Every structure is written in structure tokens, then in C-alpha cells.
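Chemist: Supplied structure: target.txt, compact mmCIF, C-alpha atoms.
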```txt
# COMPACT_ATOMS: atom_id res chain seq x y z
CA MET A 273 -27.38 -17.32 28.25
CA LYS A 274 -27.10 -20.09 25.71
CA PRO A 275 -23.64 -21.66 25.51
CA ARG A 276 -23.42 -20.83 21.83
CA ASN A 277 -24.01 -17.12 22.46
CA LYS A 278 -21.34 -17.25 25.16
CA ARG A 279 -18.90 -18.65 22.66
CA ILE A 280 -19.82 -15.99 20.09
CA ILE A 281 -19.12 -13.25 22.67
CA PHE A 282 -15.84 -14.98 23.57
CA VAL A 283 -14.75 -15.08 19.93
CA LEU A 284 -15.72 -11.43 19.35
CA LEU A 285 -13.82 -10.29 22.46
CA ALA A 286 -10.80 -12.35 21.40
CA LEU A 287 -10.87 -10.87 17.89
CA LEU A 288 -11.11 -7.40 19.41
CA SER A 289 -8.09 -7.94 21.64
CA VAL A 290 -6.05 -9.49 18.82
CA GLY A 291 -6.89 -6.42 16.72
CA GLY A 292 -5.82 -4.19 19.59
CA ALA A 293 -2.58 -6.12 20.03
CA SER A 294 -1.86 -5.84 16.32
CA ALA A 295 -2.45 -2.07 16.36
CA LEU A 296 -0.20 -1.63 19.40
CA ILE A 297 2.62 -3.73 17.89
CA GLY A 298 2.32 -1.73 14.67
CA LYS A 299 2.52 1.52 16.62
CA ALA A 300 5.53 0.33 18.62
CA MET A 301 7.31 -0.83 15.47
CA LYS A 302 7.21 2.64 13.95
CA GLY A 303 8.99 4.26 16.88
CA ASN A 304 11.56 1.62 17.74
CA LEU A 305 12.29 -0.26 14.61
CA ASN A 306 15.60 1.27 13.62
CA TYR A 307 16.04 -0.75 10.48
CA LEU A 308 18.13 1.99 8.94
CA TYR A 309 19.43 5.47 9.74
CA ALA A 310 19.25 8.52 7.50
CA PRO A 311 22.39 10.66 7.05
CA GLU A 312 20.75 13.36 9.20
CA GLU A 313 20.45 11.00 12.18
CA VAL A 314 24.02 9.77 11.76
CA LEU A 315 25.47 13.29 11.59
CA ALA A 316 23.41 14.26 14.65
CA GLY A 317 25.21 11.48 16.56
CA LYS A 318 22.20 9.25 17.11
CA VAL A 319 24.17 6.12 16.20
CA PRO A 320 26.70 4.87 18.81
CA LYS A 321 30.32 4.77 17.62
CA ASP A 322 31.82 1.50 16.36
CA GLN A 323 28.39 0.01 15.85
CA VAL A 324 27.36 -1.70 12.65
CA PHE A 325 24.20 -0.12 11.24
CA ARG A 326 22.36 0.41 7.99
CA LEU A 327 22.60 3.72 6.20
CA GLY A 328 19.74 4.59 3.88
CA GLY A 329 19.35 7.37 1.37
CA LEU A 330 19.69 8.54 -2.21
CA VAL A 331 22.95 8.19 -4.13
CA LYS A 332 23.99 11.73 -5.04
CA LYS A 333 24.13 12.54 -8.76
CA GLY A 334 27.68 12.46 -10.12
CA SER A 335 29.19 11.18 -6.89
CA LEU A 336 29.91 7.56 -7.86
CA GLN A 337 33.65 6.93 -8.38
CA ARG A 338 35.15 3.54 -9.14
CA SER A 339 38.81 2.78 -8.57
CA LYS A 340 40.72 1.74 -11.69
CA THR A 341 43.02 -0.64 -9.85
CA SER A 342 40.75 -2.29 -7.26
CA MET A 343 37.13 -3.16 -6.46
CA GLU A 344 36.79 0.00 -4.41
CA ALA A 345 33.85 2.32 -5.10
CA ARG A 346 32.97 5.63 -3.45
CA PHE A 347 29.70 7.51 -3.51
CA ILE A 348 27.76 10.05 -1.47
CA VAL A 349 24.48 9.17 0.24
CA MET A 350 22.16 12.08 0.96
CA ASP A 351 18.71 12.71 2.37
CA ASN A 352 16.24 15.31 1.16
CA ARG A 353 17.39 17.79 3.82
CA GLY A 354 20.86 18.16 2.32
CA ASN A 355 22.80 15.95 4.74
CA GLU A 356 25.55 13.92 3.08
CA ILE A 357 27.77 10.99 4.05
CA THR A 358 30.51 9.48 1.91
CA VAL A 359 30.37 5.70 1.55
CA VAL A 360 33.31 3.53 0.56
CA THR A 361 33.03 -0.15 -0.28
CA ASP A 362 34.98 -2.93 -1.96
CA LYS A 363 31.94 -5.14 -2.44
CA ILE A 364 29.98 -5.74 -5.65
CA LEU A 365 27.33 -3.11 -6.28
CA PRO A 366 23.94 -4.60 -7.26
CA ASP A 367 22.55 -4.35 -10.78
CA LEU A 368 19.91 -1.81 -9.76
CA PHE A 369 22.42 0.44 -8.01
CA GLN A 370 22.30 3.84 -9.72
CA GLU A 371 22.88 7.48 -8.99
CA GLU A 372 19.74 9.33 -7.87
CA LYS A 373 18.22 6.05 -6.65
CA SER A 374 17.79 4.76 -3.12
CA GLN A 375 20.28 2.40 -1.54
CA VAL A 376 20.70 0.71 1.83
CA SER A 377 24.24 -0.13 2.95
CA ARG A 378 25.42 -1.94 6.07
CA GLY A 379 28.68 -1.08 7.81
CA LYS A 380 30.17 1.43 10.24
CA MET A 381 31.72 4.87 10.37
CA ASN A 382 35.53 5.13 10.40
CA ALA A 383 37.64 7.79 12.16
CA GLU A 384 37.51 10.13 9.15
CA GLY A 385 33.71 10.19 9.11
CA VAL A 386 33.47 7.93 6.07
CA PHE A 387 30.98 5.06 6.11
CA VAL A 388 32.75 1.77 5.33
CA ALA A 389 30.11 -0.56 3.87
CA GLU A 390 30.33 -4.37 4.08
CA GLU A 391 27.24 -4.69 1.91
CA VAL A 392 25.47 -2.32 -0.46
CA LEU A 393 21.87 -3.03 -1.48
CA ALA A 394 19.74 -1.24 -4.07
CA LYS A 395 16.25 -0.20 -3.10
CA HIS A 396 13.51 0.21 -5.68
CA ASP A 397 9.97 1.51 -5.71
CA SER A 398 6.75 -0.20 -6.77
CA GLU A 399 6.58 1.44 -10.16
CA TYR A 400 5.82 -1.38 -12.56
CA MET A 401 5.33 0.36 -15.88
CA PRO A 402 7.52 0.83 -18.96
CA LYS A 403 9.75 3.90 -19.07
CA GLU A 404 7.96 5.40 -22.10
CA LEU A 405 4.56 5.20 -20.40
CA LYS A 406 6.02 6.77 -17.30
CA GLU A 407 7.28 9.74 -19.32
CA VAL A 408 3.91 10.18 -21.04
CA LEU A 409 2.12 10.11 -17.71
CA ALA A 410 4.60 12.57 -16.24
CA LYS A 411 3.80 15.04 -19.03
CA GLU A 412 0.05 14.63 -18.65
CA HIS A 413 -0.13 14.89 -14.90
CA THR A 414 1.99 16.35 -12.22
CA PRO A 415 4.31 13.51 -11.21
CA PRO A 416 3.06 11.40 -8.32
CA THR A 417 4.79 11.92 -5.00
CA LYS A 418 7.96 9.88 -4.83
CA THR A 419 6.86 7.50 -2.12
CA GLY A 420 9.36 4.88 -3.20
CA ASP A 421 12.29 7.06 -2.23
CA LYS A 422 11.48 7.32 1.38
CA LEU A 423 14.41 9.32 2.61
CA MET B 722 -37.51 -21.56 0.50
CA LYS B 723 -35.34 -22.11 3.47
CA ILE B 724 -31.83 -23.26 2.67
CA ASN B 725 -30.38 -25.64 5.18
CA TRP B 726 -26.83 -24.32 5.54
CA PHE B 727 -25.92 -27.07 7.94
CA LYS B 728 -26.69 -29.79 5.44
CA TYR B 729 -23.15 -29.66 4.03
CA ALA B 730 -21.63 -29.38 7.49
CA ALA B 731 -22.11 -33.12 7.78
CA PRO B 732 -18.83 -34.75 6.71
CA MET B 733 -20.71 -37.39 4.70
CA THR B 734 -22.53 -34.92 2.41
CA PHE B 735 -19.48 -32.66 2.21
CA TYR B 736 -17.29 -35.59 1.19
CA SER B 737 -19.29 -36.26 -1.97
CA LEU B 738 -19.81 -32.55 -2.74
CA ALA B 739 -16.05 -31.90 -2.49
CA GLY B 740 -15.39 -34.92 -4.70
CA ARG B 741 -17.53 -33.37 -7.44
CA LEU B 742 -15.97 -29.88 -7.07
CA ILE B 743 -12.28 -30.85 -6.99
CA PRO B 744 -11.92 -31.54 -10.78
CA LEU B 745 -13.59 -28.18 -11.56
CA PHE B 746 -11.17 -26.31 -9.31
CA TRP B 747 -8.20 -28.16 -10.83
CA ILE B 748 -9.30 -27.19 -14.37
CA ALA B 749 -9.81 -23.55 -13.31
CA ALA B 750 -6.43 -23.53 -11.54
CA ILE B 751 -4.53 -24.88 -14.53
CA VAL B 752 -6.29 -22.63 -17.06
CA LEU B 753 -6.00 -19.41 -15.02
CA THR B 754 -2.39 -19.98 -13.93
CA THR B 755 -1.32 -20.82 -17.49
CA VAL B 756 -3.10 -17.76 -18.95
CA GLY B 757 -1.82 -15.49 -16.16
CA LEU B 758 1.79 -16.61 -16.48
CA TYR B 759 1.67 -16.56 -20.30
CA TRP B 760 0.34 -13.01 -20.19
CA GLY B 761 2.96 -12.10 -17.62
CA PHE B 762 5.89 -13.59 -19.51
CA PHE B 763 5.00 -12.56 -23.08
CA LYS B 764 2.65 -9.57 -23.03
CA THR B 765 4.41 -7.31 -20.56
CA PRO B 766 7.22 -4.76 -21.08
CA ASP B 767 10.81 -6.08 -20.80
CA THR B 768 12.12 -3.22 -18.75
CA ILE B 769 10.21 -1.10 -16.29
CA GLY B 770 10.44 2.39 -14.88
CA ASN B 771 12.31 1.59 -11.70
CA GLY B 772 15.21 0.15 -13.72
CA MET B 773 14.43 -3.56 -13.47
CA LYS B 774 14.95 -5.82 -16.46
CA GLU B 775 13.21 -9.08 -17.42
CA TYR B 776 13.81 -10.62 -14.03
CA TYR B 777 11.05 -8.52 -12.48
CA ARG B 778 8.62 -11.05 -13.99
CA ILE B 779 9.02 -13.27 -10.95
CA ILE B 780 6.57 -10.75 -9.45
CA PHE B 781 3.68 -12.79 -10.87
CA VAL B 782 4.58 -15.82 -8.76
CA HIS B 783 5.76 -13.75 -5.80
CA VAL B 784 2.74 -11.46 -5.42
CA ALA B 785 0.18 -14.21 -6.10
CA SER B 786 1.70 -16.54 -3.50
CA ALA B 787 2.21 -13.78 -0.91
CA TRP B 788 -1.39 -12.63 -1.25
CA MET B 789 -2.65 -16.21 -0.98
CA ALA B 790 -0.44 -16.87 2.05
CA MET B 791 -2.05 -13.98 3.93
CA TRP B 792 -5.57 -14.60 2.61
CA LEU B 793 -5.48 -18.32 3.51
CA TYR B 794 -4.40 -17.42 7.03
CA GLY B 795 -7.64 -15.43 7.34
CA VAL B 796 -9.61 -18.35 5.87
CA MET B 797 -7.99 -20.75 8.35
CA VAL B 798 -8.89 -18.52 11.33
CA PHE B 799 -12.43 -18.11 9.98
CA TRP B 800 -13.06 -21.87 9.89
CA ALA B 801 -11.35 -22.40 13.24
CA LEU B 802 -13.62 -19.78 14.85
CA ILE B 803 -16.75 -21.21 13.19
CA GLY B 804 -15.68 -24.49 14.75
CA VAL B 805 -15.31 -22.88 18.17
CA ILE B 806 -18.75 -21.24 17.97
CA PHE B 807 -20.86 -23.99 16.38
CA ASN B 808 -18.84 -27.04 17.43
CA THR B 809 -18.92 -28.32 13.86
CA ARG B 810 -16.30 -30.98 13.19
CA LEU B 811 -16.06 -30.14 9.50
CA SER B 812 -15.00 -26.52 10.17
CA TYR B 813 -11.96 -27.70 12.12
CA MET B 814 -11.08 -30.11 9.34
CA LEU B 815 -11.25 -27.25 6.80
CA ALA B 816 -9.04 -25.07 9.02
CA SER B 817 -6.53 -27.88 9.34
CA ALA B 818 -6.50 -28.52 5.57
CA THR B 819 -6.10 -24.79 4.86
CA SER B 820 -3.02 -24.53 7.09
CA ILE B 821 -0.98 -26.80 4.82
CA THR B 822 -1.77 -24.93 1.60
CA GLY B 823 -1.14 -21.64 3.44
CA THR B 824 2.27 -22.88 4.54
CA VAL B 825 3.12 -23.91 0.98
CA MET B 826 2.13 -20.46 -0.31
CA THR B 827 4.23 -18.77 2.39
CA ILE B 828 7.27 -20.84 1.42
CA ILE B 829 6.76 -20.07 -2.30
CA ALA B 830 6.52 -16.35 -1.49
CA LEU B 831 9.70 -16.46 0.62
CA ILE B 832 11.72 -18.39 -1.98
CA SER B 833 10.55 -16.33 -4.98
CA GLY B 834 11.16 -13.19 -2.93
CA ALA B 835 14.71 -14.33 -2.13
CA ILE B 836 15.46 -14.94 -5.82
CA TRP B 837 14.01 -11.57 -6.78
CA GLY B 838 15.86 -9.90 -3.90
CA LYS B 839 19.19 -11.37 -5.00
CA THR B 840 18.77 -10.03 -8.53
CA SER B 841 17.36 -6.58 -7.70
CA TRP B 842 18.50 -5.60 -4.19
CA GLY B 843 21.67 -7.69 -4.20
CA THR B 844 20.87 -10.04 -1.33
CA TRP B 845 18.88 -13.23 -0.76
CA TRP B 846 17.67 -12.13 2.64
CA ASP B 847 17.70 -9.09 4.88
CA TRP B 848 16.13 -8.51 8.29
CA ASP B 849 13.85 -5.85 6.89
CA PRO B 850 10.45 -5.34 8.66
CA LYS B 851 8.39 -6.82 5.83
CA LEU B 852 10.63 -9.86 5.33
CA THR B 853 10.91 -10.51 9.06
CA THR B 854 7.16 -10.33 9.71
CA PHE B 855 6.53 -12.63 6.76
CA LEU B 856 8.97 -15.16 8.20
CA ILE B 857 7.01 -14.97 11.47
CA LEU B 858 3.86 -15.83 9.47
CA LEU B 859 5.61 -19.03 8.34
CA PHE B 860 6.49 -19.85 11.96
CA VAL B 861 2.87 -19.29 13.04
CA TYR B 862 1.62 -21.63 10.30
CA VAL B 863 4.19 -24.27 11.27
CA GLY B 864 3.32 -23.76 14.95
CA TYR B 865 -0.36 -24.40 14.16
CA ILE B 866 0.47 -27.62 12.32
CA ALA B 867 2.85 -28.74 15.08
CA LEU B 868 0.35 -28.06 17.86
CA GLN B 869 -2.38 -29.87 15.96
CA SER B 870 -0.29 -32.99 15.54
CA ALA B 871 1.15 -32.84 19.07
CA ILE B 872 -2.20 -33.45 20.80
CA ASP B 873 -3.70 -36.88 20.19
CA ASP B 874 -7.26 -36.09 21.19
CA THR B 875 -8.85 -34.53 18.08
CA ARG B 876 -11.35 -32.31 19.90
CA ARG B 877 -8.71 -30.85 22.16
CA SER B 878 -6.12 -30.39 19.41
CA ASP B 879 -8.73 -28.61 17.26
CA LYS B 880 -9.61 -26.17 20.02
CA ALA B 881 -6.02 -25.50 21.10
CA SER B 882 -4.82 -24.88 17.57
CA ALA B 883 -7.86 -22.67 16.87
CA LEU B 884 -6.74 -20.38 19.70
CA LEU B 885 -3.16 -20.33 18.39
CA ALA B 886 -4.46 -19.44 14.92
CA LEU B 887 -6.53 -16.62 16.40
CA VAL B 888 -3.59 -15.12 18.32
CA GLY B 889 -1.35 -15.42 15.26
CA LEU B 890 -3.84 -13.35 13.27
CA ALA B 891 -2.21 -10.27 14.83
CA ILE B 892 0.78 -10.65 12.49
CA VAL B 893 -1.21 -10.34 9.22
CA PRO B 894 -2.01 -6.57 9.38
CA ILE B 895 1.55 -5.92 10.61
CA ILE B 896 2.98 -7.48 7.43
CA TYR B 897 1.01 -4.94 5.45
CA TYR B 898 1.76 -1.92 7.66
CA ALA B 899 5.47 -2.78 7.91
CA VAL B 900 5.98 -0.88 4.66
CA ASN B 901 2.66 0.89 4.07
CA CYS B 902 2.42 3.30 6.97
CA PRO B 903 1.17 6.87 6.56
CA ASP B 904 4.55 8.48 7.29
CA PRO B 905 7.21 6.69 5.19
CA ASN B 906 10.06 8.09 7.28
CA GLN B 907 8.80 6.14 10.28
CA CYS B 908 8.83 2.76 8.64
CA ALA B 909 11.88 2.73 6.39
CA SER B 910 12.51 -0.65 4.82
CA LEU B 911 14.28 -2.36 1.96
CA HIS B 912 11.12 -3.92 0.56
CA GLN B 913 9.11 -1.58 -1.65
CA GLU B 914 5.66 -0.59 -0.49
CA SER B 915 2.72 -2.70 -1.65
CA SER B 916 0.87 -0.47 -4.05
CA LEU B 917 -1.00 -1.08 -7.28
CA LYS B 918 -1.25 2.61 -8.16
CA ARG B 919 1.62 2.68 -10.64
CA VAL B 920 1.32 -0.68 -12.35
CA GLU B 921 0.98 -1.05 -16.10
CA SER B 922 -2.32 -2.68 -17.12
CA ASN B 923 -0.78 -5.83 -18.70
CA ILE B 924 1.32 -6.43 -15.59
CA LEU B 925 -1.76 -5.92 -13.43
CA ILE B 926 -3.90 -8.33 -15.50
CA ALA B 927 -1.21 -11.03 -15.36
CA MET B 928 -0.84 -10.51 -11.61
CA LEU B 929 -4.58 -10.77 -10.90
CA VAL B 930 -5.20 -13.76 -13.22
CA THR B 931 -2.26 -15.68 -11.72
CA THR B 932 -3.56 -14.89 -8.24
CA LEU B 933 -7.00 -16.27 -9.23
CA GLY B 934 -5.24 -19.39 -10.54
CA PHE B 935 -3.37 -19.83 -7.25
CA TRP B 936 -6.67 -19.34 -5.43
CA MET B 937 -8.38 -22.09 -7.42
CA TYR B 938 -5.36 -24.32 -6.75
CA SER B 939 -5.83 -23.59 -3.04
CA PHE B 940 -9.51 -24.60 -3.24
CA ALA B 941 -8.60 -27.84 -5.01
CA THR B 942 -5.85 -28.86 -2.58
CA ILE B 943 -7.78 -27.80 0.52
CA LEU B 944 -10.83 -29.83 -0.56
CA MET B 945 -8.65 -32.85 -1.38
CA ARG B 946 -6.96 -32.66 2.01
CA THR B 947 -10.29 -32.17 3.78
CA ARG B 948 -11.56 -35.36 2.17
CA ASN B 949 -8.51 -37.20 3.47
CA ILE B 950 -9.04 -35.81 6.96
CA ILE B 951 -12.72 -36.86 6.82
CA LEU B 952 -11.74 -40.40 5.88
CA GLU B 953 -9.17 -40.53 8.66
CA ARG B 954 -11.40 -39.14 11.39
CA GLU B 955 -14.58 -40.97 10.35
CA ARG B 956 -12.90 -44.27 9.53
CA LYS B 957 -14.97 -46.17 12.11
CA THR B 958 -18.34 -45.08 10.67
CA SER B 959 -20.32 -47.32 8.40
CA TRP B 960 -20.67 -44.79 5.57
CA VAL B 961 -16.89 -44.62 5.19
CA SER B 962 -16.46 -48.39 5.16
CA ASN B 963 -19.21 -48.61 2.54
CA LEU B 964 -17.49 -46.17 0.17
CA PRO B 965 -16.46 -47.90 -3.08
CA GLU B 966 -12.91 -46.45 -2.86
CA VAL B 967 -12.51 -47.76 0.70
CA LYS B 968 -14.04 -51.20 0.06
CA SER B 969 -11.77 -52.15 -2.78
```
What is this file in C-alpha cells?

Modeler:
Amino acid sequence: MKPRNKRIIFVLLALLSVGGASALIGKAMKGNLNYLYAPEEVLAGKVPKDQVFRLGGLVKKGSLQRSKTSMEARFIVMDNRGNEITVVTDKILPDLFQEEKSQVSRGKMNAEGVFVAEEVLAKHDSEYMPKELKEVLAKEHTPPTKTGDKL
Amino acid sequence: MKINWFKYAAPMTFYSLAGRLIPLFWIAAIVLTTVGLYWGFFKTPDTIGNGMKEYYRIIFVHVASAWMAMWLYGVMVFWALIGVIFNTRLSYMLASATSITGTVMTIIALISGAIWGKTSWGTWWDWDPKLTTFLILLFVYVGYIALQSAIDDTRRSDKASALLALVGLAIVPIIYYAVNCPDPNQCASLHQESSLKRVESNILIAMLVTTLGFWMYSFATILMRTRNIILERERKTSWVSNLPEVKS
């Protein structure tokens, strides 16, 4: 075999194994990458006690309450299977934080089953179109599946 | 007619060809980036459906640089592998020149993403799957550059860094699949998914034109750097010492 053909086979085999490695890492990431927990998983006791974790989910409509005397804010995070967890925080809520939108907060559960957040982040989807256009499209078609709100 | 593809693989011919192309790529880069950013800043809606205000317009810099960062990694691996197969010196030089522009694009994407993240999410940085894998891409780029400059013998450093580039290629599809997997519940993240399905046409035009501009900029800088590498590596040859810019 010519040396050049040998090198071509070597490169092809290497590309194949790199592709395989990439696919395996991607597969492993899905199962083990606990970036955040949904309320359902937390209520089922999948998160060890006294551990800091991220809680993801939608902010329930009408649940946001702000204290008049302090920075404290309370709201309920829910998933689409009806599980709810109350979150309390004294940190600044981001500009995009809204009811019925996704959020990711980091903190831990206290003894009363309330999630005390050290940080609250707003999550948004990849919908880059003006509101008016969105409403027109929603009338014309059945609304697209809400992939941005993943929980 | 048979085209001799290897004609331009000779550093001497490539040197003069690149010299003629660089001004064209610079003009294209400046025109396209200006048009793309103008369109993005002045022809797009001020507020968008997911609640973001004017600040979302950093998307034009962020998306263009992130796409180029990943694309240039592929380009770098391509030239490195061509070098491994055909033993062409010029391919390795192109791979080496591409790594620097790729690193710059990765840094721009990370910084613009941090600014956008602070305004929309509420944090500069978070160890989210997409952000973390993109940071690894930066480390792989830097690792390639470090390995290349750590070995003095050019032939050996080219081959060693080509292998590192090839192994690092595994990270590029993972960056994409970190948020775009078939079952969203299995890959929850803070970063939104990468999707162009629900993008208004003006935003899309601005995004694509700016990306083209960044691409032309990449061509220009990569060719300029390749010319420098050629001069450095071929400095003992007579054609280099006879160049008017070297003589003077």
C-alpha cells in the first residue's frame, strides 16, 4: 500500500472514532448532566437535603409577591405536570423575569419546604420576532410547540 | 483542461496569490459587516416576542462570532488533516493561521454572550451545558496554539498539533447538541436553543449578512497570517530574500 493511502485510512479511522466519541459524550451528557431539577424531581426526593441545586420551571401566573418593606420576593415555580414549589429570595430579579415565563434559580430547600434562592435567572426562548407579528402568526396557524419553555 | 491543484500549494505562488486577494477580502468584510450591523441596529423591531428590549441586538455580533468560532475550528482541522495526508507544508501553515482567528472569534462570542446574559438572564456566566462546552472550545484552541509553539521542530509541531485539533473536533457537535437534543427535558439549560425557525426576516438578514462579513474578515486575517508564517518558515530561501518588501 502506498504511504499516502495509509495516511488517508488513518485519518478516516481517526475521524470515525472522534465522531463516535462525540456521540457517546453527547449521550452520556443527557443522562447525567443535572444542570437543573424540575419541581417534580425535587418533590420526589431526588435531590439530597442541604445541597445547593438549580430549580427550573415556569413562574406561576399571579404568584409573584413582593415585600413592601424589604427586597424579599416570593413566587411559585411549577412544571407542566402540576408540581409546585414556593421560592423565596432577597436578590434582584432580572429584567426578563415574568410570570408565566421560565426561570432558573440556585439555592436550597429549607425546613418548611420552601426553596431559598441565592440567585434567580430568567430564561428565554429563541423567538426573535416582534410581538405583533407573533400574534398574527398565532391567529393564522396553530401556535408552534413551546420548545423554549422546556419544563 | 487539467487544472493543477497543487500549483498553489507551493508557498511561493500562494504568497503572491494571497497578497492579491487580501484587499478584496478586507473590502468585502468592511462592506458586509457595516451593512449587516446597520440593518441589525436600525431596521429591526425594538422589542421582541420573548420580552427582550433593544439590548437583544447584541445577537448580531454574538451569533456571527459563535458560528465563525465553530466553523473555523472545522476549517482548521480540515487543513491540518490535508497536511497529514499530503504532507503539504502550506496546509499546516493555513491550519496554524486559522487557529488564531478562531480563538479571537471564540473570545468575542464569550464576551458578547456574557454581556447579553447579564442583561437578559441576570448573570455574566453560568455553568450551563452550552456555555461550558463553548469554554472548552476556547481551551482546545489555546491548547492547539500552545502545543504548536512548544515544539521547536516545525514538522513535528505541525503533526502533533494536527492530532490535537482532530481530537478536539469532538467538542463541536456537543456544543450544538447541548441545547438542541430531541427530548428537551433531557438537556435542560439556561441558554436558549439554537433555532432560526421563529426569527423575523429583518433580524435574520442582519444576522446572515454580519456573519458573511465576519467570514470575509476571517479570510483576510487568515491569509495575512499565512503570509507571515510563509516568510518566517521560508526565510532562508532565495525567493523570500529577493522579495521587494524583504530587500528594503

Chemist: Write down, as a list in words, each residue of chain A that has any atom within 6 Å of an atom of chain B, counting only C-alpha atoms.

Modeler: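 Therefore, the residues near the partner are Arg279, Ile280, Val290, Ser294, Gly298, Lys302, Pro366, Leu368, Leu393, Ala394, Lys395, Asp397, Ser398, Glu399, Tyr400, Met401, Pro402, Lys403 and Lys422 of chain A.
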
Chemist: Compare B:Leu852, B:Ile828, B:Met814, B:Leu944 by their minimum atom-to-atom distance to Leu738 (chain B), counting only C-alpha atoms, and give me the closest one.

Modeler: B:Leu944

Chemist: Could you tell me how far CA of Ala785 (chain B) lies from CA of Ala286 (chain A), in Å and to one decimal?

Modeler: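 Straight-line distance from CA of Ala785 (chain B) to CA of Ala286 (chain A) works out to 29.7 Å.
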
Chemist: Using all atoms listed in the file, can you tell me which of A:Val388, A:Leu308, A:Met381, A:Val283 comes closest to Asp362 (chain A)?

Modeler: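 Nearest candidate to Asp362 (chain A) out of A:Val388, A:Leu308, A:Met381, A:Val283: A:Val388.
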
Chemist: So how far away is CA of Lys373 (chain A) from CA of Val331 (chain A), in Å?

Modeler: 5.8 Å

Chemist: Could you tell me how far CA of Ile866 (chain B) sits from CA of Met733 (chain B), in Å to one decimal place?

Modeler: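 According to the coordinates, CA of Met733 (chain B) and CA of Ile866 (chain B) are separated by 24.5 Å.
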
Chemist: For Ala316 (chain A), which of A:Ile357, A:Gln370, A:Pro275, A:Ile281 is the closest residue, counting all atoms listed in the file?

Modeler: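 The answer is A:Ile357, which sits nearest to Ala316 (chain A).
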
Chemist: Compare A:Val314, A:Ile364, A:Leu287, A:Val386 by their minimum atom-to-atom distance to Val798 (chain B), counting all atoms listed in the file, and give me the closest one.

Modeler: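 That would be A:Leu287, the residue with the smallest distance to Val798 (chain B).
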
Chemist: Here's a test: counting only C-alpha atoms, identify every protein, DNA and RNA residue with an atom at most 12 Å from (22.4, 5.8, 17.5) in the file's coordinate frame, and state them as a VMD selection string.

Modeler: chain A and resid 304 306 to 327 380 to 381
